[in-house]
>>> print(open('coords20.txt').read())   # compact mmCIF, C-alpha atoms
# COMPACT_ATOMS: atom_id res chain seq x y z
CA MET R 13 -33.22 -105.90 -0.22
CA ASN R 14 -31.72 -108.21 -2.84
CA GLN R 15 -28.09 -109.28 -3.00
CA LEU R 16 -27.24 -106.87 -5.81
CA ASN R 17 -28.50 -103.94 -3.73
CA VAL R 18 -26.51 -105.15 -0.74
CA LEU R 19 -23.36 -105.45 -2.84
CA LEU R 20 -23.72 -102.01 -4.44
CA ASN R 21 -24.60 -100.42 -1.09
CA HIS R 22 -21.38 -101.85 0.31
CA LEU R 23 -19.28 -100.72 -2.68
CA THR R 24 -20.68 -97.19 -2.71
CA ALA R 25 -20.23 -96.86 1.06
CA ALA R 26 -16.66 -98.15 0.89
CA TYR R 27 -15.40 -96.34 -2.22
CA PHE R 28 -17.78 -93.58 -3.33
CA ALA R 29 -19.41 -92.14 -0.16
CA ASN R 30 -16.63 -89.63 0.51
CA LEU R 31 -16.42 -88.36 -3.06
CA THR R 32 -17.95 -85.09 -4.15
CA SER R 33 -18.99 -86.21 -7.64
CA VAL R 34 -19.59 -89.43 -9.55
CA LEU R 35 -20.32 -89.90 -13.24
CA ILE R 36 -22.60 -92.82 -14.11
CA VAL R 37 -22.38 -93.85 -17.76
CA TYR R 38 -24.99 -96.16 -19.26
CA ASP R 39 -26.56 -97.04 -22.58
CA SER R 40 -30.36 -97.04 -22.61
CA SER R 41 -30.51 -98.42 -26.16
CA TYR R 42 -29.02 -101.67 -24.88
CA ARG R 43 -31.62 -101.91 -22.16
CA LEU R 44 -34.43 -101.31 -24.63
CA SER R 45 -33.19 -103.71 -27.29
CA THR R 46 -31.99 -106.70 -25.27
CA CYS R 47 -34.60 -107.08 -22.58
CA ASN R 48 -37.15 -109.34 -24.17
CA ASP R 49 -40.78 -109.20 -23.06
CA TYR R 50 -40.33 -112.00 -20.52
CA ASP R 51 -37.27 -110.39 -18.97
CA ALA R 52 -38.80 -106.92 -18.87
CA VAL R 53 -42.04 -108.15 -17.32
CA ASN R 54 -40.22 -110.26 -14.73
CA ASN R 55 -37.51 -107.68 -13.94
CA PHE R 56 -34.61 -109.87 -15.08
CA CYS R 57 -32.87 -107.33 -17.26
CA LEU R 58 -29.50 -107.09 -15.53
CA GLN R 59 -28.66 -103.64 -16.92
CA GLU R 60 -31.90 -102.27 -15.46
CA LEU R 61 -31.22 -103.99 -12.14
CA TYR R 62 -27.72 -102.43 -12.06
CA LEU R 63 -29.10 -98.93 -12.63
CA ASP R 64 -31.86 -99.36 -10.05
CA ALA R 65 -29.37 -100.73 -7.49
CA ILE R 66 -26.96 -97.83 -8.13
CA GLN R 67 -29.75 -95.30 -7.63
CA HIS R 68 -30.81 -97.07 -4.43
CA ALA R 69 -27.22 -97.19 -3.14
CA PHE R 70 -26.69 -93.46 -3.65
CA ASP R 71 -30.11 -92.72 -2.12
CA GLN R 72 -28.90 -94.62 0.95
CA GLN R 73 -25.72 -92.53 1.06
CA THR R 74 -27.80 -89.34 0.87
CA GLN R 75 -29.95 -90.53 3.76
CA ARG R 76 -26.75 -91.06 5.77
CA GLY R 77 -25.77 -87.44 5.16
CA HIS R 78 -23.31 -87.91 2.28
CA VAL R 79 -23.90 -85.32 -0.42
CA ILE R 80 -22.56 -86.72 -3.68
CA GLY R 81 -23.08 -84.96 -7.00
CA LEU R 82 -24.27 -87.51 -9.54
CA GLN R 83 -24.10 -87.06 -13.28
CA TRP R 84 -26.02 -89.60 -15.37
CA ILE R 85 -24.85 -89.85 -18.99
CA ASP R 86 -26.81 -91.94 -21.49
CA THR R 87 -24.47 -92.81 -24.37
CA ARG R 88 -27.30 -93.95 -26.65
CA SER R 89 -27.19 -90.93 -28.95
CA LEU R 90 -23.53 -89.90 -28.59
CA ASN R 91 -20.98 -90.35 -31.35
CA SER R 92 -17.36 -90.97 -30.36
CA THR R 93 -16.42 -87.27 -30.44
CA GLN R 94 -19.38 -86.30 -28.26
CA TYR R 95 -18.59 -89.21 -25.92
CA GLU R 96 -15.02 -87.95 -25.48
CA GLU R 97 -16.25 -84.39 -24.87
CA VAL R 98 -18.71 -85.53 -22.20
CA ILE R 99 -16.02 -87.50 -20.36
CA LEU R 100 -13.51 -84.63 -20.70
CA ASN R 101 -16.06 -82.17 -19.30
CA ALA R 102 -16.74 -84.52 -16.38
CA VAL R 103 -13.02 -84.78 -15.64
CA ASN R 104 -12.56 -81.02 -15.86
CA VAL R 105 -15.25 -80.44 -13.22
CA VAL R 106 -13.40 -82.70 -10.79
CA THR R 107 -15.40 -85.88 -11.15
CA GLU R 108 -13.82 -88.31 -8.71
CA GLY R 109 -15.65 -91.54 -9.44
CA PHE R 110 -16.90 -93.31 -12.52
CA ILE R 111 -19.48 -96.08 -12.73
CA THR R 112 -20.28 -97.68 -16.05
CA VAL R 113 -23.24 -99.88 -16.90
CA LEU R 114 -22.30 -100.77 -20.46
CA THR R 115 -22.22 -103.91 -22.58
CA ASN R 116 -18.82 -102.95 -23.90
CA SER R 117 -16.57 -100.58 -21.96
CA THR R 118 -13.99 -100.08 -24.72
CA ALA R 119 -15.52 -96.81 -25.95
CA PHE R 120 -15.58 -95.50 -22.37
CA LEU R 121 -11.93 -96.48 -21.84
CA HIS R 122 -10.91 -94.67 -25.04
CA ALA R 123 -12.94 -91.58 -24.08
CA ARG R 124 -11.42 -91.66 -20.59
CA TYR R 125 -7.92 -92.03 -22.03
CA SER R 126 -8.57 -89.07 -24.34
CA ALA R 127 -9.76 -87.04 -21.34
CA THR R 128 -6.57 -87.95 -19.49
CA ARG R 129 -4.48 -86.54 -22.35
CA ASN R 130 -6.57 -83.37 -22.75
CA ALA R 131 -7.75 -82.47 -19.24
CA ARG R 132 -6.98 -79.10 -17.68
CA LEU R 133 -6.74 -80.71 -14.25
CA ARG R 134 -4.26 -83.23 -12.95
CA LEU R 135 -5.97 -86.61 -12.81
CA LYS R 136 -5.36 -88.80 -9.81
CA ASP R 137 -7.14 -90.89 -7.22
CA LYS R 138 -10.16 -91.76 -9.35
CA TYR R 139 -12.45 -94.66 -8.47
CA TYR R 140 -14.03 -96.88 -11.10
CA LEU R 141 -16.77 -99.49 -10.99
CA PHE R 142 -17.49 -101.36 -14.21
CA LEU R 143 -20.81 -103.25 -14.23
CA CYS R 144 -20.83 -105.34 -17.38
CA GLU R 145 -23.38 -107.97 -18.25
CA HIS R 146 -21.76 -109.48 -21.34
CA GLU R 147 -18.10 -108.52 -21.10
CA ASP R 148 -15.52 -111.21 -20.44
CA PRO R 149 -13.50 -110.05 -17.39
CA VAL R 150 -10.26 -111.52 -18.74
CA GLU R 151 -10.61 -109.70 -22.05
CA PHE R 152 -11.69 -106.48 -20.32
CA LEU R 153 -8.75 -106.46 -17.91
CA GLY R 154 -6.44 -107.30 -20.81
CA ASN R 155 -7.41 -104.10 -22.62
CA GLU R 156 -4.24 -102.22 -23.56
CA LEU R 157 -5.57 -99.00 -21.98
CA LEU R 158 -5.72 -100.72 -18.59
CA GLN R 159 -2.16 -102.01 -18.72
CA CYS R 160 0.48 -100.12 -16.78
CA LYS R 161 3.57 -99.71 -18.88
CA SER R 162 6.69 -98.00 -17.69
CA ASN R 163 9.10 -96.54 -20.21
>>> encode(input="coords20.txt", output="structure tokens")
Amino acid sequence: MNQLNVLLNHLTAAYFANLTSVLIVYDSSYRLSTCNDYDAVNNFCLQELYLDAIQHAFDQQTQRGHVIGLQWIDTRSLNSTQYEEVILNAVNVVTEGFITVLTNSTAFLHARYSATRNARLRLKDKYYLFLCEHEDPVEFLGNELLQCKSN
């Protein structure tokens, strides 16, 4: 088992194992367009490794008796309106955890913010795991949608 699998096994056991549903958002067009032949042949495409490790981690949770409903959403062919609808629908069916494997999480954050404004259910106690290959953590955490502002 490689270190990425160990890390994601630990994170899913600690934060996602007791949830009833998790939405995993990824973009397959990124995986197809950025993994050059060398990377794809030698399994060095980080996005692919993330997705494989996530699947393995949740398989491990299932083997331990944790039943977690997983929804896998590929954003490749979604426009912004469809993206917001998918996230809103996930929130309205009591999705408790979100994992993203995206090169840029801004569209997800906007869709999630829109779902917060329009959801039928009260949103609280959600868990998030952002797996980003090319996103600068400082810029990501500085995103205005992640800032807590009190009025």
>>> atom_distance(input="coords20.txt", atom1="atom CA of R:Glu97", atom2="atom CA of R:Gly81")
19.1 Å
>>> closest_residue(input="coords20.txt", among="R:Ala119, R:Cys57, R:Ile66, R:Leu35", to="R:Ile85", atoms="only C-alpha atoms")
R:Leu35
>>> closest_residue(input="coords20.txt", among="R:Ala65, R:Val34, R:Leu90, R:Leu157", to="R:Leu20", atoms="all atoms listed in the file")
R:Ala65
>>> atom_distance(input="coords20.txt", atom1="atom CA of R:Trp84", atom2="atom CA of R:Tyr38")
7.7 Å
>>> residues_around(input="coords20.txt", residues="R:Phe142", least_positions_apart="3", cutoff="12 Å", atoms="all atoms listed in the file", output="MDAnalysis selection string")
chainID R and resid 20 23 35:38 59 62:63 66 109:118 120:121 139 145:149 152:153
>>> residues_near_point(input="coords20.txt", point="(-12.1, -87.7, -9.5)", cutoff="9 Å", atoms="all atoms listed in the file", output="NGL selection string")
:R and (31-34 or 102-103 or 105-110 or 135-139)
